[in-house]
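Notes for the one structure printed next.
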Amino acid sequence: MPPRIFSIIRKEFFDSLRSRWLISFTVITFFLVIGLPFVVAYALGLMAPGIQTLISGTTQVVFPFLPLIALPIGSAAIVGEKDKHTMELLLAQPISRVSVYIGKFLGIFSAIIAAITIGMGVAALIIMETPNPQYFMVLLLAYLLTAVFLGLAFLISIVSKDRSMALGIALFFWFLFAVLIDMGFLSMIVTIAFDPVYMIPIVVANPLEVVRQITQYALIMTPGMMANPIALGQLGLAMAKIFGAQGILPFLYTSITIWILLPVITSFVLFIRSDI
Amino acid sequence: MPRKVYINSYSESGVQLAELAVDVDNITKKYGKFKALEDTTFKAEAGKIYAVLGPNGAGKTTMFRCMLGLLNFEGSIKIAGKDVRRHGKWVRGNIGYLPQHSAPYDDLSVEENLKFYAGLKGIPKERVKETLKEIKLVRFRDRKAMALSGGMKQRLMMGISQLSDPPILILDEPTANLDVQGQLRFRELLSDLLGRQKCIIISTHLLREAHEIRLFHGNVLVINRGKVVGSGLVDDFMKKADLRDHLFIDVGDNDPESMLQTIKKSGFDEVEIHKGQVVISCEHDDKFSVLKALSDAGFTPNSFRVEEPSLEVAFMKLTGKEIG
């Protein structure tokens, strides 16, 4: 007899896969990665497929949309069950709340991971023809970003009174991170008005930006470029000034880890302690 | 020595239910400053049925949720001797719960719903087939729950609560969505479950339902504003409310005033004449004495009828408010 938590993981996985939202986003992600103009240019022999172009394109175009998969699905995970009157019966079963939370998280997470892998992976394979290890790193970053926003979505789901409220808050967070805290514009203001060091908290406050910077420093820039102050850019220089050039990536990885853990732990504790 | 009953055939614990199945001891549940339950005490034994009666918002569902360890509370609750706080999973494994406003997963079929809960309860899938037969939904096994009628949904929910054949059943307003046929079937089910020594706790705000509990020699627990205001066998509960039977005697050709005096002389003071009838308020067992006194005095009444006090009147007397 498999552990009881697998019943929840399996149900959440297939429920999420059945969702039209996830299917639509798999298709959208595929087309965003493959990039129609890019395909046309490639077919006409005007452009050669390069991994740097692909990575850069994926992080700039696809990553801002990734939260839109995890946020709506995750924000319905808990409050949706309350709305549909299924939560009470679920929690009345001989299974701990820890298992319910973990089961739900892992089920939804694995469904989104599957969708991202298919959408981004297949598109990248078509472009690259052979799998590139660097692109696996891009996929891994997409998974991390999904974990961040799924944790945030669970937190929203637990504190919201109903599904529509949860969806509204979730979309606000996407808007906040993907549109309002736009680094291009903000960094310009901060650099002109203050010291570039002030850009660091702005980056850290936005998980999308943290992942973008990881892509930049881990995948696009070579070790040689990392040693070149001009190539590092304003933000890179500011971070190097505080953490050293070698400390930039560990700092960014730590930031994204905190971004994953903070909402997950908070929502987990709230879910376990709350009355239904 | 306490009687032990071996009941639970599907849960892994194979629990031996002691005579005292449920021991709710002095629990209080607060939501902010509002006390949903206050010093509530309730005991339930194996093989017996209990009707938890009270108006909407009285605290019935809150008490059930506390018993399942779904809410934080002050006080102590033991199920089959195990503390709910420390052995929550075990307790929930031995209670079949049918929540009042709960529903199956709409996008899953009847069979998928049962399989999902069977997985959570850790019981073999074969039990799903048996349950489908028991709840008479074999023909609808592939139908999505959203396409079921209210009665069918309720049967599915009952099936889920009984998947593990638990020794204790907590049913929160179980007949709320049932038609007449469904209610009759539910009564048969209760009879069957009691025959298997289950401890059944049913909440209801319908007095008619609580009256039916009387048929099973059941107990009643009346809750109002979070407090227990009465408990015991339905009959005892009525006595506690100090309610009397009313005997209506059609005087016919007899002189009503003479009849009234005769009854008063027999020791019954609460007598009056109302619309050509002599109305006597007396204890349940004293009715025959009244009729005998009249017969001995040579009165031959046309007819008589007895009006026994209703649970509703008892409830109103104890709580000062109507159920609803």
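Ordering of the structure tokens sets the chain letters (A, B, ...), residue numbers begin anew at 1 in every chain, and ligands are numbered from 1 in the order given.
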Interface, chain B side, toward chain A (6 Å; only C-alpha atoms) as a ChimeraX atom specification: /B:71,89,92-93,102-103,119-121
How about saving the chosen residues, N, CA, C and O atoms kept, as a JSON list (two decimals), in the first residue's frame?
```json
[["chain", "number", "residue", "atom", "x", "y", "z"],
["B", 71, "LEU", "N", -10.11, 21.61, 15.16],
["B", 71, "LEU", "CA", -10.06, 22.94, 15.76],
["B", 71, "LEU", "C", -9.24, 22.90, 17.05],
["B", 71, "LEU", "O", -9.18, 21.86, 17.71],
["B", 89, "LYS", "N", -4.50, 11.57, 14.07],
["B", 89, "LYS", "CA", -4.62, 10.70, 12.89],
["B", 89, "LYS", "C", -5.37, 9.41, 13.25],
["B", 89, "LYS", "O", -6.22, 8.94, 12.51],
["B", 92, "ARG", "N", -9.06, 10.14, 13.77],
["B", 92, "ARG", "CA", -9.77, 10.35, 12.50],
["B", 92, "ARG", "C", -9.91, 9.05, 11.70],
["B", 92, "ARG", "O", -10.83, 8.90, 10.91],
["B", 93, "GLY", "N", -8.99, 8.14, 11.94],
["B", 93, "GLY", "CA", -9.07, 6.84, 11.28],
["B", 93, "GLY", "C", -10.19, 5.98, 11.83],
["B", 93, "GLY", "O", -10.60, 5.00, 11.20],
["B", 102, "SER", "N", -20.38, 19.54, 3.36],
["B", 102, "SER", "CA", -19.30, 19.02, 2.54],
["B", 102, "SER", "C", -19.83, 18.44, 1.24],
["B", 102, "SER", "O", -21.01, 18.15, 1.11],
["B", 103, "ALA", "N", -18.92, 18.29, 0.30],
["B", 103, "ALA", "CA", -19.30, 17.76, -1.00],
["B", 103, "ALA", "C", -18.19, 16.89, -1.54],
["B", 103, "ALA", "O", -17.03, 17.07, -1.17],
["B", 119, "GLY", "N", -7.63, 5.67, -0.53],
["B", 119, "GLY", "CA", -6.18, 5.86, -0.48],
["B", 119, "GLY", "C", -5.77, 6.63, 0.77],
["B", 119, "GLY", "O", -4.78, 6.29, 1.43],
["B", 120, "LEU", "N", -6.54, 7.67, 1.11],
["B", 120, "LEU", "CA", -6.23, 8.48, 2.30],
["B", 120, "LEU", "C", -6.44, 7.69, 3.58],
["B", 120, "LEU", "O", -5.74, 7.89, 4.57],
["B", 121, "LYS", "N", -7.42, 6.81, 3.56],
["B", 121, "LYS", "CA", -7.71, 6.03, 4.76],
["B", 121, "LYS", "C", -6.81, 4.80, 4.85],
["B", 121, "LYS", "O", -6.80, 4.11, 5.88]]
```
Write out as a PyMOL selection string the residues lying within 7 Å of Leu71 of chain A, counting only C-alpha atoms and excluding same-chain residues fewer than 2 positions away. chain A and resi 67-69+73-75+149-150+153+170
With C-alpha atoms retained, could you export that selection as a PDB file, in the first residue's frame?
```pdb
ATOM      1  CA  PRO A  67       4.468  33.105 -12.479  1.00  0.00           C
ATOM      2  CA  LEU A  68       1.194  33.236 -14.371  1.00  0.00           C
ATOM      3  CA  ILE A  69       1.111  29.430 -14.319  1.00  0.00           C
ATOM      4  CA  ILE A  73      -3.368  27.352  -9.860  1.00  0.00           C
ATOM      5  CA  GLY A  74      -1.628  27.593  -6.476  1.00  0.00           C
ATOM      6  CA  SER A  75      -3.838  30.384  -5.172  1.00  0.00           C
ATOM      7  CA  PHE A 149       5.569  31.672  -6.906  1.00  0.00           C
ATOM      8  CA  LEU A 150       3.826  28.467  -5.885  1.00  0.00           C
ATOM      9  CA  ALA A 153       0.362  31.374  -4.169  1.00  0.00           C
ATOM     10  CA  ALA A 170      -2.112  36.554  -7.032  1.00  0.00           C
TER      11      ALA A 170
END
```
Extract, using only C-alpha atoms, all DNA, RNA and protein residues at most 8 Å from segment 179-189 of chain B, discarding same-chain residues fewer than 4 positions from it, and format them as an MDAnalysis selection string. chainID B and resid 151 175 193
Write the residues of the selection above to a file with N, CA and C atoms, as a PDB file, in the first residue's frame.
```pdb
ATOM      1  N   GLY B 151     -29.568  13.679  -3.528  1.00  0.00           N
ATOM      2  CA  GLY B 151     -29.665  12.443  -2.753  1.00  0.00           C
ATOM      3  C   GLY B 151     -28.512  11.500  -3.043  1.00  0.00           C
ATOM      4  N   THR B 175     -29.652  14.088   6.925  1.00  0.00           N
ATOM      5  CA  THR B 175     -30.815  13.937   6.042  1.00  0.00           C
ATOM      6  C   THR B 175     -31.242  15.253   5.405  1.00  0.00           C
ATOM      7  N   LEU B 193     -26.515  -0.153  11.314  1.00  0.00           N
ATOM      8  CA  LEU B 193     -25.275   0.261  11.978  1.00  0.00           C
ATOM      9  C   LEU B 193     -25.337   0.025  13.486  1.00  0.00           C
TER      10      LEU B 193
END
```
One number please: atom CA of Pro133 of chain A to atom CA of Pro229 of chain A, in Å, one decimal.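 Separation between atom CA of Pro133 of chain A and atom CA of Pro229 of chain A: 27.4 Å.
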Env of Ile214 of chain A: 8 Å cut, atoms = only C-alpha atoms, seq-sep filter 4 positions within chain, self excluded. Answer as a list of chain:residue names. A:Val210, A:Ala218, A:Leu219, A:Leu249, A:Leu252, A:Tyr253
Produce a file of the selected residues containing all heavy atoms, as a PDB file, in the first residue's frame.
```pdb
ATOM      1  N   VAL A 210      15.895  38.360  -9.576  1.00  0.00           N
ATOM      2  CA  VAL A 210      16.986  37.543  -9.033  1.00  0.00           C
ATOM      3  C   VAL A 210      17.335  36.432 -10.026  1.00  0.00           C
ATOM      4  O   VAL A 210      18.512  36.192 -10.341  1.00  0.00           O
ATOM      5  CB  VAL A 210      16.602  36.929  -7.658  1.00  0.00           C
ATOM      6  CG1 VAL A 210      17.678  35.976  -7.164  1.00  0.00           C
ATOM      7  CG2 VAL A 210      16.366  38.022  -6.617  1.00  0.00           C
ATOM      8  N   ALA A 218      25.485  33.473 -14.415  1.00  0.00           N
ATOM      9  CA  ALA A 218      25.885  32.054 -14.436  1.00  0.00           C
ATOM     10  C   ALA A 218      25.949  31.489 -15.840  1.00  0.00           C
ATOM     11  O   ALA A 218      26.736  30.581 -16.112  1.00  0.00           O
ATOM     12  CB  ALA A 218      24.902  31.236 -13.603  1.00  0.00           C
ATOM     13  N   LEU A 219      25.126  32.017 -16.750  1.00  0.00           N
ATOM     14  CA  LEU A 219      25.035  31.384 -18.068  1.00  0.00           C
ATOM     15  C   LEU A 219      25.519  32.250 -19.221  1.00  0.00           C
ATOM     16  O   LEU A 219      26.092  31.746 -20.178  1.00  0.00           O
ATOM     17  CB  LEU A 219      23.580  30.968 -18.346  1.00  0.00           C
ATOM     18  CG  LEU A 219      22.983  29.946 -17.373  1.00  0.00           C
ATOM     19  CD1 LEU A 219      21.520  29.738 -17.645  1.00  0.00           C
ATOM     20  CD2 LEU A 219      23.739  28.630 -17.497  1.00  0.00           C
ATOM     21  N   LEU A 249      27.251  35.326  -7.424  1.00  0.00           N
ATOM     22  CA  LEU A 249      26.327  34.189  -7.628  1.00  0.00           C
ATOM     23  C   LEU A 249      25.861  33.560  -6.314  1.00  0.00           C
ATOM     24  O   LEU A 249      24.648  33.318  -6.153  1.00  0.00           O
ATOM     25  CB  LEU A 249      26.959  33.144  -8.548  1.00  0.00           C
ATOM     26  CG  LEU A 249      26.763  33.418 -10.034  1.00  0.00           C
ATOM     27  CD1 LEU A 249      27.563  32.453 -10.889  1.00  0.00           C
ATOM     28  CD2 LEU A 249      25.295  33.380 -10.418  1.00  0.00           C
ATOM     29  N   LEU A 252      23.146  35.674  -4.988  1.00  0.00           N
ATOM     30  CA  LEU A 252      21.885  35.552  -5.734  1.00  0.00           C
ATOM     31  C   LEU A 252      21.195  34.208  -5.442  1.00  0.00           C
ATOM     32  O   LEU A 252      19.974  34.145  -5.305  1.00  0.00           O
ATOM     33  CB  LEU A 252      22.149  35.702  -7.243  1.00  0.00           C
ATOM     34  CG  LEU A 252      22.565  37.107  -7.694  1.00  0.00           C
ATOM     35  CD1 LEU A 252      22.988  37.095  -9.164  1.00  0.00           C
ATOM     36  CD2 LEU A 252      21.432  38.116  -7.496  1.00  0.00           C
ATOM     37  N   TYR A 253      22.018  33.136  -5.337  1.00  0.00           N
ATOM     38  CA  TYR A 253      21.427  31.817  -5.022  1.00  0.00           C
ATOM     39  C   TYR A 253      20.789  31.825  -3.622  1.00  0.00           C
ATOM     40  O   TYR A 253      19.731  31.254  -3.406  1.00  0.00           O
ATOM     41  CB  TYR A 253      22.482  30.699  -5.116  1.00  0.00           C
ATOM     42  CG  TYR A 253      22.824  30.318  -6.545  1.00  0.00           C
ATOM     43  CD1 TYR A 253      24.147  30.274  -6.990  1.00  0.00           C
ATOM     44  CD2 TYR A 253      21.815  29.983  -7.445  1.00  0.00           C
ATOM     45  CE1 TYR A 253      24.460  29.925  -8.300  1.00  0.00           C
ATOM     46  CE2 TYR A 253      22.118  29.639  -8.756  1.00  0.00           C
ATOM     47  CZ  TYR A 253      23.437  29.608  -9.175  1.00  0.00           C
ATOM     48  OH  TYR A 253      23.724  29.270 -10.471  1.00  0.00           O
TER      49      TYR A 253
END
```
Please provide the set of residues having any atom within 10 Å of Val33 of chain A, restricted to only C-alpha atoms, with same-chain residues fewer than 3 positions apart removed, written as a PyMOL selection string. chain A and resi 28-30+36+38+54-55+57-59+61-62+119-124+127
